[in-house]
Structures are given as structure tokens and as C-alpha cells.
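**Student:** Sharing protein-v9.cif, mmCIF, C-alpha atoms, pLDDT in the B column; chains and numbers go by the auth columns:
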data_structure
loop_
_atom_site.group_PDB
_atom_site.id
_atom_site.type_symbol
_atom_site.label_atom_id
_atom_site.label_comp_id
_atom_site.label_asym_id
_atom_site.label_seq_id
_atom_site.Cartn_x
_atom_site.Cartn_y
_atom_site.Cartn_z
_atom_site.B_iso_or_equiv
_atom_site.auth_seq_id
_atom_site.auth_asym_id
ATOM 1 C CA MET A 1 2.090 -40.776 -115.330 82.00 1 A
ATOM 2 C CA LYS A 2 0.777 -37.538 -113.874 87.00 2 A
ATOM 3 C CA ARG A 3 0.551 -34.711 -116.362 90.00 3 A
ATOM 4 C CA VAL A 4 0.907 -31.058 -115.357 94.00 4 A
ATOM 5 C CA LYS A 5 1.238 -27.712 -117.103 95.00 5 A
ATOM 6 C CA ILE A 6 3.966 -25.156 -116.477 96.00 6 A
ATOM 7 C CA ASP A 7 4.161 -21.783 -118.186 95.00 7 A
ATOM 8 C CA ALA A 8 7.572 -20.841 -119.547 96.00 8 A
ATOM 9 C CA ILE A 9 9.069 -17.894 -121.368 94.00 9 A
ATOM 10 C CA LYS A 10 11.813 -17.780 -123.958 92.00 10 A
ATOM 11 C CA ARG A 11 14.994 -16.127 -122.829 88.00 11 A
ATOM 12 C CA GLU A 12 18.109 -14.951 -124.548 78.00 12 A
ATOM 13 C CA VAL A 13 21.475 -16.479 -123.769 70.00 13 A
ATOM 14 C CA THR A 14 22.970 -13.582 -121.885 69.00 14 A
ATOM 15 C CA THR A 15 25.497 -12.765 -119.207 70.00 15 A
ATOM 16 C CA LYS A 16 25.686 -14.250 -115.757 73.00 16 A
ATOM 17 C CA GLY A 17 24.320 -10.980 -114.417 71.00 17 A
ATOM 18 C CA ARG A 18 21.151 -11.320 -116.511 74.00 18 A
ATOM 19 C CA LEU A 19 20.675 -14.881 -115.314 80.00 19 A
ATOM 20 C CA ASN A 20 20.860 -13.633 -111.742 79.00 20 A
ATOM 21 C CA ASN A 21 18.210 -11.044 -112.615 83.00 21 A
ATOM 22 C CA TYR A 22 15.889 -13.837 -113.761 85.00 22 A
ATOM 23 C CA ARG A 23 16.349 -15.501 -110.400 86.00 23 A
ATOM 24 C CA LYS A 24 15.653 -12.248 -108.538 87.00 24 A
ATOM 25 C CA GLU A 25 12.422 -11.952 -110.527 90.00 25 A
ATOM 26 C CA GLY A 26 11.325 -15.410 -109.351 91.00 26 A
ATOM 27 C CA TYR A 27 12.333 -17.349 -112.459 93.00 27 A
ATOM 28 C CA VAL A 28 14.671 -20.316 -112.848 93.00 28 A
ATOM 29 C CA PRO A 29 16.808 -20.441 -116.027 92.00 29 A
ATOM 30 C CA ALA A 30 16.191 -23.618 -117.995 93.00 30 A
ATOM 31 C CA ILE A 31 16.892 -25.377 -121.287 94.00 31 A
ATOM 32 C CA LEU A 32 14.460 -27.362 -123.425 95.00 32 A
ATOM 33 C CA TYR A 33 16.139 -30.135 -125.425 94.00 33 A
ATOM 34 C CA SER A 34 14.370 -31.639 -128.410 89.00 34 A
ATOM 35 C CA GLU A 35 15.165 -34.063 -131.219 81.00 35 A
ATOM 36 C CA ASN A 36 13.241 -32.064 -133.804 74.00 36 A
ATOM 37 C CA THR A 37 13.993 -28.452 -132.893 72.00 37 A
ATOM 38 C CA LYS A 38 16.984 -26.482 -131.734 81.00 38 A
ATOM 39 C CA THR A 39 17.817 -26.265 -128.068 90.00 39 A
ATOM 40 C CA MET A 40 15.651 -23.543 -126.578 92.00 40 A
ATOM 41 C CA PRO A 41 16.739 -21.395 -123.608 93.00 41 A
ATOM 42 C CA ILE A 42 13.699 -20.742 -121.401 94.00 42 A
ATOM 43 C CA ALA A 43 12.806 -19.649 -117.873 94.00 43 A
ATOM 44 C CA VAL A 44 10.107 -21.016 -115.567 96.00 44 A
ATOM 45 C CA LYS A 45 8.686 -19.689 -112.332 96.00 45 A
ATOM 46 C CA GLU A 46 10.312 -21.130 -109.239 94.00 46 A
ATOM 47 C CA LYS A 47 6.981 -21.392 -107.411 95.00 47 A
ATOM 48 C CA ASP A 48 5.609 -23.613 -110.211 95.00 48 A
ATOM 49 C CA LEU A 49 8.605 -25.936 -109.996 94.00 49 A
ATOM 50 C CA LEU A 50 8.267 -26.153 -106.219 94.00 50 A
ATOM 51 C CA SER A 51 4.571 -26.967 -106.502 94.00 51 A
ATOM 52 C CA VAL A 52 5.166 -29.784 -108.999 93.00 52 A
ATOM 53 C CA GLU A 53 8.065 -31.218 -107.039 90.00 53 A
ATOM 54 C CA HIS A 54 6.154 -31.242 -103.739 89.00 54 A
ATOM 55 C CA GLN A 55 3.079 -32.878 -105.251 89.00 55 A
ATOM 56 C CA TYR A 56 4.533 -35.331 -107.767 85.00 56 A
ATOM 57 C CA GLY A 57 8.308 -35.405 -107.519 84.00 57 A
ATOM 58 C CA ARG A 58 10.272 -35.679 -110.764 84.00 58 A
ATOM 59 C CA SER A 59 8.328 -38.588 -112.273 81.00 59 A
ATOM 60 C CA VAL A 60 5.818 -36.406 -114.075 88.00 60 A
ATOM 61 C CA LEU A 61 4.966 -35.379 -117.630 91.00 61 A
ATOM 62 C CA VAL A 62 5.265 -31.612 -117.980 94.00 62 A
ATOM 63 C CA ASP A 63 3.451 -29.672 -120.665 95.00 63 A
ATOM 64 C CA LEU A 64 5.696 -26.642 -121.061 96.00 64 A
ATOM 65 C CA LYS A 65 3.528 -23.846 -122.466 96.00 65 A
ATOM 66 C CA ILE A 66 5.731 -21.428 -124.390 94.00 66 A
ATOM 67 C CA GLY A 67 3.625 -18.811 -126.105 91.00 67 A
ATOM 68 C CA THR A 68 0.737 -20.659 -127.734 92.00 68 A
ATOM 69 C CA LYS A 69 2.533 -23.981 -128.115 93.00 69 A
ATOM 70 C CA LYS A 70 2.794 -26.890 -125.655 93.00 70 A
ATOM 71 C CA HIS A 71 5.897 -29.037 -125.403 94.00 71 A
ATOM 72 C CA PRO A 72 5.379 -32.404 -123.632 94.00 72 A
ATOM 73 C CA SER A 73 8.561 -32.841 -121.604 93.00 73 A
ATOM 74 C CA ILE A 74 10.193 -34.619 -118.711 92.00 74 A
ATOM 75 C CA PHE A 75 12.781 -33.462 -116.210 91.00 75 A
ATOM 76 C CA LYS A 76 16.242 -34.363 -117.441 91.00 76 A
ATOM 77 C CA GLU A 77 18.463 -32.673 -114.855 92.00 77 A
ATOM 78 C CA ILE A 78 17.989 -30.298 -111.940 93.00 78 A
ATOM 79 C CA GLN A 79 20.871 -28.235 -110.559 92.00 79 A
ATOM 80 C CA ARG A 80 20.602 -26.746 -107.083 92.00 80 A
ATOM 81 C CA THR A 81 22.553 -24.312 -104.970 88.00 81 A
ATOM 82 C CA PRO A 82 24.930 -25.923 -102.433 90.00 82 A
ATOM 83 C CA ILE A 83 23.341 -23.930 -99.616 87.00 83 A
ATOM 84 C CA GLY A 84 19.573 -23.926 -99.306 85.00 84 A
ATOM 85 C CA ARG A 85 19.101 -26.428 -102.168 86.00 85 A
ATOM 86 C CA LYS A 86 17.293 -23.849 -104.278 88.00 86 A
ATOM 87 C CA PHE A 87 16.727 -24.346 -107.998 91.00 87 A
ATOM 88 C CA LEU A 88 19.710 -23.094 -109.965 90.00 88 A
ATOM 89 C CA HIS A 89 19.033 -24.500 -113.445 92.00 89 A
ATOM 90 C CA VAL A 90 16.684 -27.071 -114.975 95.00 90 A
ATOM 91 C CA ASP A 91 17.022 -29.181 -118.121 95.00 91 A
ATOM 92 C CA PHE A 92 13.826 -30.413 -119.796 95.00 92 A
ATOM 93 C CA GLU A 93 13.655 -32.991 -122.568 93.00 93 A
ATOM 94 C CA GLU A 94 10.805 -32.825 -125.055 93.00 94 A
ATOM 95 C CA VAL A 95 9.300 -36.240 -125.728 91.00 95 A
ATOM 96 C CA ASN A 96 7.243 -37.890 -128.416 91.00 96 A
ATOM 97 C CA LEU A 97 4.079 -39.184 -126.755 91.00 97 A
ATOM 98 C CA GLU A 98 3.768 -41.854 -129.451 91.00 98 A
ATOM 99 C CA LYS A 99 7.241 -43.247 -128.846 91.00 99 A
ATOM 100 C CA PRO A 100 8.153 -45.520 -125.887 91.00 100 A
ATOM 101 C CA VAL A 101 10.690 -44.073 -123.464 87.00 101 A
ATOM 102 C CA TYR A 102 12.981 -45.729 -120.946 88.00 102 A
ATOM 103 C CA THR A 103 12.820 -44.361 -117.413 87.00 103 A
ATOM 104 C CA LYS A 104 12.883 -45.253 -113.731 88.00 104 A
ATOM 105 C CA ILE A 105 9.919 -44.876 -111.407 89.00 105 A
ATOM 106 C CA PRO A 106 9.912 -44.995 -107.607 91.00 106 A
ATOM 107 C CA ILE A 107 8.605 -47.966 -105.622 95.00 107 A
ATOM 108 C CA VAL A 108 6.646 -47.087 -102.489 95.00 108 A
ATOM 109 C CA ALA A 109 5.663 -49.579 -99.761 96.00 109 A
ATOM 110 C CA VAL A 110 2.190 -48.950 -98.346 96.00 110 A
ATOM 111 C CA GLY A 111 0.429 -50.450 -95.335 95.00 111 A
ATOM 112 C CA GLU A 112 1.700 -52.024 -92.141 93.00 112 A
ATOM 113 C CA SER A 113 3.060 -55.541 -92.352 95.00 113 A
ATOM 114 C CA LYS A 114 1.787 -58.357 -90.134 95.00 114 A
ATOM 115 C CA GLY A 115 5.357 -59.527 -89.786 95.00 115 A
ATOM 116 C CA VAL A 116 6.488 -56.140 -88.494 95.00 116 A
ATOM 117 C CA LYS A 117 3.732 -56.238 -85.873 94.00 117 A
ATOM 118 C CA MET A 118 5.133 -59.606 -84.797 93.00 118 A
ATOM 119 C CA GLY A 119 8.603 -58.154 -84.320 93.00 119 A
ATOM 120 C CA GLY A 120 10.089 -58.506 -87.795 95.00 120 A
ATOM 121 C CA ILE A 121 11.923 -55.781 -89.691 95.00 121 A
ATOM 122 C CA LEU A 122 10.799 -54.441 -93.060 96.00 122 A
ATOM 123 C CA ASP A 123 13.684 -54.440 -95.549 96.00 123 A
ATOM 124 C CA GLN A 124 13.098 -52.617 -98.849 97.00 124 A
ATOM 125 C CA GLU A 125 15.968 -53.451 -101.173 96.00 125 A
ATOM 126 C CA LEU A 126 14.607 -51.993 -104.414 97.00 126 A
ATOM 127 C CA HIS A 127 13.471 -48.358 -104.537 96.00 127 A
ATOM 128 C CA GLU A 128 13.200 -47.837 -108.316 95.00 128 A
ATOM 129 C CA LEU A 129 11.915 -49.905 -111.221 95.00 129 A
ATOM 130 C CA GLU A 130 13.448 -49.702 -114.707 95.00 130 A
ATOM 131 C CA ILE A 131 10.661 -49.610 -117.275 94.00 131 A
ATOM 132 C CA GLU A 132 9.835 -48.593 -120.834 94.00 132 A
ATOM 133 C CA GLY A 133 6.545 -47.506 -122.343 92.00 133 A
ATOM 134 C CA LEU A 134 4.497 -44.617 -123.617 91.00 134 A
ATOM 135 C CA LEU A 135 4.603 -41.735 -121.157 87.00 135 A
ATOM 136 C CA THR A 136 0.830 -41.590 -121.119 87.00 136 A
ATOM 137 C CA ASP A 137 0.781 -45.238 -119.953 89.00 137 A
ATOM 138 C CA LEU A 138 3.535 -45.053 -117.341 89.00 138 A
ATOM 139 C CA PRO A 139 2.545 -44.751 -113.674 88.00 139 A
ATOM 140 C CA ASP A 140 4.244 -42.019 -111.671 84.00 140 A
ATOM 141 C CA ARG A 141 5.089 -44.617 -109.011 88.00 141 A
ATOM 142 C CA ILE A 142 4.523 -48.250 -108.081 93.00 142 A
ATOM 143 C CA GLU A 143 2.754 -48.896 -104.780 94.00 143 A
ATOM 144 C CA VAL A 144 3.462 -52.215 -103.058 96.00 144 A
ATOM 145 C CA ASP A 145 0.917 -53.372 -100.491 96.00 145 A
ATOM 146 C CA ILE A 146 2.856 -55.004 -97.656 96.00 146 A
ATOM 147 C CA THR A 147 -0.108 -55.522 -95.293 96.00 147 A
ATOM 148 C CA ASN A 148 -0.147 -59.329 -95.563 95.00 148 A
ATOM 149 C CA LEU A 149 3.611 -59.816 -95.438 96.00 149 A
ATOM 150 C CA GLU A 150 4.634 -62.088 -92.582 96.00 150 A
ATOM 151 C CA ILE A 151 8.112 -62.815 -91.300 95.00 151 A
ATOM 152 C CA LYS A 152 10.298 -64.319 -94.069 95.00 152 A
ATOM 153 C CA ASP A 153 7.804 -63.305 -96.797 97.00 153 A
ATOM 154 C CA VAL A 154 9.300 -61.690 -99.915 97.00 154 A
ATOM 155 C CA ILE A 155 7.934 -59.619 -102.807 97.00 155 A
ATOM 156 C CA TYR A 156 9.956 -59.851 -106.029 97.00 156 A
ATOM 157 C CA ALA A 157 10.011 -57.577 -109.069 97.00 157 A
ATOM 158 C CA ARG A 158 8.019 -60.201 -110.981 96.00 158 A
ATOM 159 C CA ASP A 159 5.189 -59.831 -108.455 96.00 159 A
ATOM 160 C CA LEU A 160 4.567 -56.164 -109.274 95.00 160 A
ATOM 161 C CA THR A 161 1.499 -55.216 -111.291 92.00 161 A
ATOM 162 C CA LEU A 162 2.064 -52.769 -114.157 92.00 162 A
ATOM 163 C CA PRO A 163 -0.184 -51.275 -116.840 90.00 163 A
ATOM 164 C CA GLU A 164 -0.505 -53.201 -120.089 90.00 164 A
ATOM 165 C CA GLY A 165 2.171 -52.357 -122.623 90.00 165 A
ATOM 166 C CA VAL A 166 4.800 -51.366 -120.046 93.00 166 A
ATOM 167 C CA LYS A 167 8.056 -53.322 -120.322 94.00 167 A
ATOM 168 C CA VAL A 168 10.158 -54.008 -117.214 95.00 168 A
ATOM 169 C CA PHE A 169 13.968 -54.122 -117.413 96.00 169 A
ATOM 170 C CA THR A 170 14.627 -54.857 -113.752 96.00 170 A
ATOM 171 C CA GLU A 171 15.557 -58.493 -113.111 96.00 171 A
ATOM 172 C CA PRO A 172 12.395 -60.523 -112.275 96.00 172 A
ATOM 173 C CA ASP A 173 14.093 -62.150 -109.264 97.00 173 A
ATOM 174 C CA ALA A 174 15.205 -58.841 -107.765 97.00 174 A
ATOM 175 C CA VAL A 175 13.934 -58.567 -104.188 97.00 175 A
ATOM 176 C CA VAL A 176 11.721 -55.526 -103.733 97.00 176 A
ATOM 177 C CA VAL A 177 10.754 -55.861 -100.098 97.00 177 A
ATOM 178 C CA SER A 178 10.830 -58.521 -97.393 97.00 178 A
ATOM 179 C CA VAL A 179 10.243 -58.964 -93.681 96.00 179 A
ATOM 180 C CA VAL A 180 13.304 -60.333 -91.941 95.00 180 A
ATOM 181 C CA ILE A 181 13.981 -61.690 -88.490 92.00 181 A
ATOM 182 C CA PRO A 182 15.806 -59.207 -86.285 87.00 182 A
ATOM 183 C CA LYS A 183 19.434 -60.076 -85.783 79.00 183 A
ATOM 184 C CA VAL A 184 20.284 -60.911 -82.219 70.00 184 A
ATOM 185 C CA GLU A 185 23.473 -59.221 -81.250 64.00 185 A
ATOM 186 C CA GLU A 186 25.965 -61.590 -79.734 62.00 186 A
ATOM 187 C CA VAL A 187 26.834 -60.537 -76.244 62.00 187 A
ATOM 188 C CA ALA A 188 30.452 -61.142 -75.317 62.00 188 A
ATOM 189 C CA PRO A 189 30.740 -63.436 -72.285 66.00 189 A
ATOM 190 C CA ALA A 190 31.302 -61.567 -69.071 62.00 190 A
ATOM 191 C CA ALA A 191 34.829 -61.632 -67.756 61.00 191 A
ATOM 192 C CA ALA A 192 35.366 -64.159 -64.997 57.00 192 A
ATOM 193 C CA PRO A 193 35.096 -62.400 -61.645 58.00 193 A
ATOM 194 C CA ALA A 194 38.350 -61.792 -59.947 55.00 194 A
ATOM 195 C CA GLU A 195 38.936 -64.158 -57.068 56.00 195 A
ATOM 196 C CA GLU A 196 37.931 -62.530 -53.898 51.00 196 A
ATOM 197 C CA VAL A 197 41.085 -63.601 -52.267 47.00 197 A
ATOM 198 C CA ALA A 198 44.177 -63.888 -54.371 50.00 198 A
ATOM 199 C CA GLU A 199 45.915 -67.124 -53.917 52.00 199 A
ATOM 200 C CA GLU A 200 49.014 -66.448 -51.984 51.00 200 A
ATOM 201 C CA LYS A 201 52.172 -67.602 -53.528 52.00 201 A
ATOM 202 C CA VAL A 202 53.823 -70.033 -51.247 51.00 202 A
ATOM 203 C CA GLU A 203 57.496 -69.699 -51.491 54.00 203 A
ATOM 204 C CA GLU A 204 59.683 -72.710 -51.036 54.00 204 A
ATOM 205 C CA PRO A 205 61.413 -72.563 -47.663 53.00 205 A
ATOM 206 C CA LYS A 206 64.851 -71.212 -48.111 53.00 206 A
ATOM 207 C CA ALA A 207 67.706 -73.516 -47.345 51.00 207 A
ATOM 208 C CA GLU A 208 68.953 -73.011 -43.881 49.00 208 A
ATOM 209 C CA ALA A 209 71.618 -70.476 -43.753 48.00 209 A
ATOM 210 C CA GLN A 210 75.012 -71.979 -43.597 51.00 210 A
ATOM 211 C CA LYS A 211 76.251 -72.222 -40.091 49.00 211 A
ATOM 212 C CA ALA A 212 78.415 -69.348 -39.231 49.00 212 A
ATOM 213 C CA GLU A 213 82.014 -70.233 -38.871 53.00 213 A
ATOM 214 C CA ALA A 214 83.096 -70.796 -35.261 51.00 214 A
ATOM 215 C CA PRO A 215 84.915 -67.779 -33.943 54.00 215 A
ATOM 216 C CA LYS A 216 88.657 -68.200 -33.895 54.00 216 A
ATOM 217 C CA GLU A 217 90.220 -68.722 -30.497 54.00 217 A
ATOM 218 C CA GLU A 218 91.992 -65.665 -29.219 51.00 218 A
ATOM 219 C CA LYS A 219 95.680 -66.042 -28.923 51.00 219 A
ATOM 220 C CA LYS A 220 96.876 -65.961 -25.426 48.00 220 A
#
Will you turn the file into C-alpha cells for me?
**Tutor:**
Amino acid sequence: MKRVKIDAIKREVTTKGRLNNYRKEGYVPAILYSENTKTMPIAVKEKDLLSVEHQYGRSVLVDLKIGTKKHPSIFKEIQRTPIGRKFLHVDFEEVNLEKPVYTKIPIVAVGESKGVKMGGILDQELHELEIEGLLTDLPDRIEVDITNLEIKDVIYARDLTLPEGVKVFTEPDAVVVSVVIPKVEEVAPAAAPAEEVAEEKVEEPKAEAQKAEAPKEEKK
């Protein structure tokens, strides 16, 4: 797993107005959780968080430098503003580098599949892998080479290569990625063309009108 350093400062738990002042000064309020020490309110520079996120995402080991001490940590939760998606608050969790941790890491498909070139469609069903291991042994992501995948080929979770000592919790038969045949949309049959000439209804000849009664003879 990638390891980066972020400088942090201790902060006092103050009013909402003071928290807003931190943000105006370019800091993001944060909390450091730890099993061995009390919860510590801190603040980190927004530009540092943005840099780490853009380069490595959230799957990264962060050495939080507070004063002269480093705290190996991972991102636990990130809160953002509804508009603009700016950092609002960050929770860090201090970790023991000698103790295995459970986490999820992203799966990234790399390359261009032979099957896709032949008209198939790449279908990635699994985007994260559930694993456990020492943070110093965990990769920040799993890359899956799909170059040789042909149509109907499948890569399962059991096919992924991981560092020694890393335990996988995802089901071995879980499909990670495959190349499938495009579905052919069924085209509804065209409506039968209307007859150019409508068949005329032939009416049965009406019964001959009853003969009119003979006129009565005039009386003389």
C-alpha cells in the first residue's frame, strides 16, 4: 500500500464559528481515532488531502505528523459539502502496522481485450476485493490484465495474484471480469401493410320491394 505523509495540527473542540475559520484558513477539521490513545481533534491542510486523493485515492497509508510524532493511519470516513463536494470533515483511524487489518481495495482492468476488438463487450462485475493483511503488505489496488481475454473468457477472484501473507475474503468463484457476446435486440415484426385496395363489402341484394297495392278503382 502506498505510504504518504500529511502534516496535521491539534485543534481544540470549539464552536461552529471556529471550525468555519479553520476552513477559511485552508484547513479541514478532522478526528484521529486510536485504540491506545484518546480521540484527538486535529486539522489538516485541504491542499494536502486533495493531492493524496488525486494521486492515490483513499486506499493509502497516511503518516499523520502531529508535532514530532507520526501516527500511521487510514481514512475512515470523509464528509463533503453537498454543493461543490469540498472536504467538510475527515475521520482517520490510527493503525498498528504489526497487526493485520481488514479492508477493501479497488480492482482495475488494464489493457485492451482481444474479445472486445472482435466485437465483444467487457463486463466488470467486481470492483473491490475484500482482503486482510499487514498494511505494509497490502497493495493499493489490484490490476487485472485483460489483454488476452477473448469472447466468453472469464477471470475469477481465485485467478488474482496477491502478495504473500494477504488473505482474501471475496468468494473464489466471484466473477471479476468477462467478455460477453453483445445482445441482439429483437426487432418487432413490421406490421402487415394495409391492402392497397380495401375489399369492398358486398351487400346481399335486398329482397324486392313488395309490390305496391293496386290503386283502388274510383267510384263512379
**Student:** I'd like the interatomic distance between atom CA of Met118 of chain A and atom CA of Leu160 of chain A, to a tenth of an Å.
**Tutor:** 24.7 Å
**Student:** With 6 Å on each side, where is the centre of the axis-aligned box around all listed atoms of segment 111-123 of chain A, and how long are its edges in Å to one decimal, as JSON?
**Tutor:**
{"center_x": 7.1, "center_y": -55.0, "center_z": -89.9, "size_x": 25.3, "size_y": 21.2, "size_z": 23.2}
**Student:** Please evaluate the PyMOL selection byres ((chain A and resi 40-55) around 7) against the displayed coordinates and give the resulting residues as a list of chain:residue names.
**Tutor:** A:Ile6, A:Asp7, A:Ala8, A:Ile9, A:Lys10, A:Arg11, A:Glu12, A:Val13, A:Gly26, A:Tyr27, A:Val28, A:Pro29, A:Ala30, A:Ile31, A:Leu32, A:Tyr33, A:Lys38, A:Thr39, A:Tyr56, A:Gly57, A:Arg58
**Student:** Store the residues of this selection in a file with C-alpha atoms, as a tab-separated table (two decimals), in the coordinates of the input.
**Tutor:**
chain	number	residue	atom	x	y	z
A	6	ILE	CA	3.97	-25.16	-116.48
A	7	ASP	CA	4.16	-21.78	-118.19
A	8	ALA	CA	7.57	-20.84	-119.55
A	9	ILE	CA	9.07	-17.89	-121.37
A	10	LYS	CA	11.81	-17.78	-123.96
A	11	ARG	CA	14.99	-16.13	-122.83
A	12	GLU	CA	18.11	-14.95	-124.55
A	13	VAL	CA	21.48	-16.48	-123.77
A	26	GLY	CA	11.32	-15.41	-109.35
A	27	TYR	CA	12.33	-17.35	-112.46
A	28	VAL	CA	14.67	-20.32	-112.85
A	29	PRO	CA	16.81	-20.44	-116.03
A	30	ALA	CA	16.19	-23.62	-118.00
A	31	ILE	CA	16.89	-25.38	-121.29
A	32	LEU	CA	14.46	-27.36	-123.42
A	33	TYR	CA	16.14	-30.14	-125.42
A	38	LYS	CA	16.98	-26.48	-131.73
A	39	THR	CA	17.82	-26.26	-128.07
A	56	TYR	CA	4.53	-35.33	-107.77
A	57	GLY	CA	8.31	-35.40	-107.52
A	58	ARG	CA	10.27	-35.68	-110.76
**Student:** Name every residue that the PyMOL selection byres ((chain A and resi 144) around 8) selects in this structure, writing the answer as a ChimeraX atom specification with chains first and numbers rising.
**Tutor:** /A:107-110,142-143,145-146,160
**Student:** In Å to one decimal, how far is atom CA of Thr37 of chain A from atom CA of Met1 of chain A?
**Tutor:** 24.5 Å
**Student:** Once the PyMOL selection byres ((chain A and resi 73) around 9) has been evaluated on this model, what residues remain selected, and can you format them as a PyMOL selection string?
**Tutor:** chain A and resi 32-33+60-64+71-72+74-76+92-96
**Student:** Pick the closest to Lys114 of chain A from A:Leu88, A:Val179, A:Leu138, A:Val4: which is it, counting only C-alpha atoms?
**Tutor:**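 Looking at the shortest contact to Lys114 of chain A, the residue is A:Val179.
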